[in-house]
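See below for the structure under consideration.
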Amino acid sequence: MLQFVFHGKPITKLRARMSKSGFVYDPQNEQKKISVRSVKDILKQKDFKEVMKSAVGVKIMLHTQMPNSWSDKKKAEWVGKYDVTKPDIDNCIKFYFDVMNKLVYYDDCQICKLYSEKRYAYDPRVEVLIKEIF
């Protein structure tokens, strides 16, 4: 079992873009590199040596920041409640699955079980729990 946290606002997976010259590129290349480095650091700290080979179950909790325009009273009411605004939960999940490819598991096609939630929090973050299932 492996557990870690990405601190900061959840990142949404964007579509590939095409330049005027017809070259297809990933607009999130830099964001992915930064996230990959943080995953590598976490894996090194946890002494994680071998990529998961079998079916994988993932629990991913997205904690989104409440709007600054909300009063402190309203924020206190909404902490922990479901966030039904953009970005879509599936687009956020795709970004983190791509980041963990080749580091935690060989490919995200190994993910056979998934549980996720998107809730409001004071400190935005993404909590990930991954374990092999047989």
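Within each chain, counting starts at residue 1; across the structure tokens, chains are named A, B, ... in the order shown, with ligands numbered 1 upward in that order.
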Give me the residues within 7 Å of A:Val128 as a list in words, counting only C-alpha atoms and dropping any in the same chain fewer than 5 places off.
Gln3, Phe4, Val5, Lys59, Ile60 and Met61 of chain A
Export of the given selection (N, CA and C atoms) as a PDB file, in the first residue's frame:
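Full text of out.pdb as output:
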```pdb
ATOM      1  N   GLN A   3       0.672   5.605   0.102  1.00  0.00           N
ATOM      2  CA  GLN A   3      -0.187   6.759   0.353  1.00  0.00           C
ATOM      3  C   GLN A   3       0.646   8.032   0.283  1.00  0.00           C
ATOM      4  N   PHE A   4       0.142   9.039  -0.409  1.00  0.00           N
ATOM      5  CA  PHE A   4       0.824  10.322  -0.449  1.00  0.00           C
ATOM      6  C   PHE A   4      -0.136  11.449  -0.766  1.00  0.00           C
ATOM      7  N   VAL A   5       0.362  12.686  -0.632  1.00  0.00           N
ATOM      8  CA  VAL A   5      -0.458  13.882  -0.809  1.00  0.00           C
ATOM      9  C   VAL A   5       0.230  14.840  -1.773  1.00  0.00           C
ATOM     10  N   LYS A  59      -7.708   5.058  -4.295  1.00  0.00           N
ATOM     11  CA  LYS A  59      -8.636   5.982  -3.644  1.00  0.00           C
ATOM     12  C   LYS A  59      -8.011   7.364  -3.787  1.00  0.00           C
ATOM     13  N   ILE A  60      -8.738   8.278  -4.394  1.00  0.00           N
ATOM     14  CA  ILE A  60      -8.190   9.611  -4.629  1.00  0.00           C
ATOM     15  C   ILE A  60      -9.210  10.649  -4.141  1.00  0.00           C
ATOM     16  N   MET A  61      -8.762  11.461  -3.211  1.00  0.00           N
ATOM     17  CA  MET A  61      -9.627  12.468  -2.590  1.00  0.00           C
ATOM     18  C   MET A  61      -9.146  13.856  -3.022  1.00  0.00           C
TER      19      MET A  61
END
```
Per residue of stretch 51-107 of chain A within 12 Å of stretch 32-46 of chain A, which atom pair is closest and at what distance in Å (one decimal), using only C-alpha atoms, listed by chain and increasing number, as JSON lines?
```
{"residue": "A:Val51", "atom": "CA", "partner": "A:Leu43", "partner_atom": "CA", "distance": 10.3}
{"residue": "A:Lys94", "atom": "CA", "partner": "A:Lys32", "partner_atom": "CA", "distance": 11.6}
{"residue": "A:Phe95", "atom": "CA", "partner": "A:Lys32", "partner_atom": "CA", "distance": 8.0}
{"residue": "A:Tyr96", "atom": "CA", "partner": "A:Ser35", "partner_atom": "CA", "distance": 8.4}
{"residue": "A:Phe97", "atom": "CA", "partner": "A:Lys32", "partner_atom": "CA", "distance": 10.7}
{"residue": "A:Asp98", "atom": "CA", "partner": "A:Lys32", "partner_atom": "CA", "distance": 8.3}
{"residue": "A:Val99", "atom": "CA", "partner": "A:Val36", "partner_atom": "CA", "distance": 5.6}
{"residue": "A:Met100", "atom": "CA", "partner": "A:Val36", "partner_atom": "CA", "distance": 7.1}
{"residue": "A:Asn101", "atom": "CA", "partner": "A:Val36", "partner_atom": "CA", "distance": 9.2}
{"residue": "A:Lys102", "atom": "CA", "partner": "A:Val36", "partner_atom": "CA", "distance": 10.1}
{"residue": "A:Leu103", "atom": "CA", "partner": "A:Lys40", "partner_atom": "CA", "distance": 7.3}
{"residue": "A:Val104", "atom": "CA", "partner": "A:Leu43", "partner_atom": "CA", "distance": 8.3}
```
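Here atom CA of A:Lys73 is placed at a distance of 18.4 Å from atom CA of A:Pro124.
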Would you mind listing what lies within 8 Å of A:Val79 as a list in words, with only C-alpha atoms counted and same-chain residues fewer than 3 positions away left out?
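Listed by chain and then number, they are Lys75, Ala76, Arg119, Tyr120, Ala121 and Tyr122 of chain A.
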Using only C-alpha atoms, find the one residue out of A:Gly8, A:Gly57, A:Pro87, A:Pro67 that sits nearest to A:Tyr115.
A:Gly57
Compare A:Thr85, A:Gln65, A:Thr12, A:Ser21 by their minimum atom-to-atom distance to A:Arg125, counting only C-alpha atoms, and give me the closest one.
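Result for the nearest residue to A:Arg125: A:Gln65.
Comparing A:Lys131, A:Lys118, A:His7, A:Lys20 by their smallest distance to A:Cys92, the closest is A:Lys118 (using only C-alpha atoms).
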Using DSSP on the backbone, list every residue of stretch 13-51 of chain A that comes out as helix (DSSP H, G or I), and give them as a ChimeraX atom specification.
/A:29-45
Selection above as a file: N, CA and C atoms, as a tab-separated table (two decimals), in the first residue's frame:
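Written out: again-v7.tsv:
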```tsv
chain	number	residue	atom	x	y	z
A	29	ASN	N	3.18	19.91	-19.86
A	29	ASN	CA	4.45	19.22	-19.74
A	29	ASN	C	5.22	19.64	-18.49
A	30	GLU	N	5.31	20.93	-18.22
A	30	GLU	CA	6.05	21.42	-17.05
A	30	GLU	C	5.37	21.01	-15.74
A	31	GLN	N	4.03	21.13	-15.70
A	31	GLN	CA	3.29	20.73	-14.49
A	31	GLN	C	3.52	19.25	-14.20
A	32	LYS	N	3.49	18.43	-15.24
A	32	LYS	CA	3.70	17.00	-15.06
A	32	LYS	C	5.10	16.71	-14.55
A	33	LYS	N	6.10	17.40	-15.11
A	33	LYS	CA	7.48	17.18	-14.66
A	33	LYS	C	7.62	17.49	-13.17
A	34	ILE	N	7.04	18.57	-12.72
A	34	ILE	CA	7.10	18.95	-11.30
A	34	ILE	C	6.41	17.90	-10.45
A	35	SER	N	5.24	17.44	-10.87
A	35	SER	CA	4.50	16.43	-10.11
A	35	SER	C	5.23	15.09	-10.10
A	36	VAL	N	5.84	14.73	-11.23
A	36	VAL	CA	6.62	13.48	-11.30
A	36	VAL	C	7.79	13.54	-10.32
A	37	ARG	N	8.47	14.69	-10.28
A	37	ARG	CA	9.59	14.83	-9.33
A	37	ARG	C	9.11	14.66	-7.89
A	38	SER	N	7.96	15.23	-7.56
A	38	SER	CA	7.47	15.09	-6.18
A	38	SER	C	7.09	13.64	-5.88
A	39	VAL	N	6.52	12.92	-6.86
A	39	VAL	CA	6.21	11.50	-6.65
A	39	VAL	C	7.48	10.70	-6.46
A	40	LYS	N	8.51	10.98	-7.26
A	40	LYS	CA	9.79	10.28	-7.11
A	40	LYS	C	10.38	10.51	-5.73
A	41	ASP	N	10.31	11.74	-5.24
A	41	ASP	CA	10.81	12.05	-3.89
A	41	ASP	C	10.05	11.27	-2.83
A	42	ILE	N	8.74	11.23	-2.96
A	42	ILE	CA	7.91	10.49	-1.99
A	42	ILE	C	8.24	9.01	-2.03
A	43	LEU	N	8.38	8.46	-3.23
A	43	LEU	CA	8.70	7.03	-3.36
A	43	LEU	C	10.06	6.71	-2.75
A	44	LYS	N	11.00	7.61	-2.92
A	44	LYS	CA	12.33	7.42	-2.33
A	44	LYS	C	12.24	7.44	-0.80
A	45	GLN	N	11.47	8.38	-0.26
A	45	GLN	CA	11.30	8.48	1.20
A	45	GLN	C	10.64	7.22	1.77
```
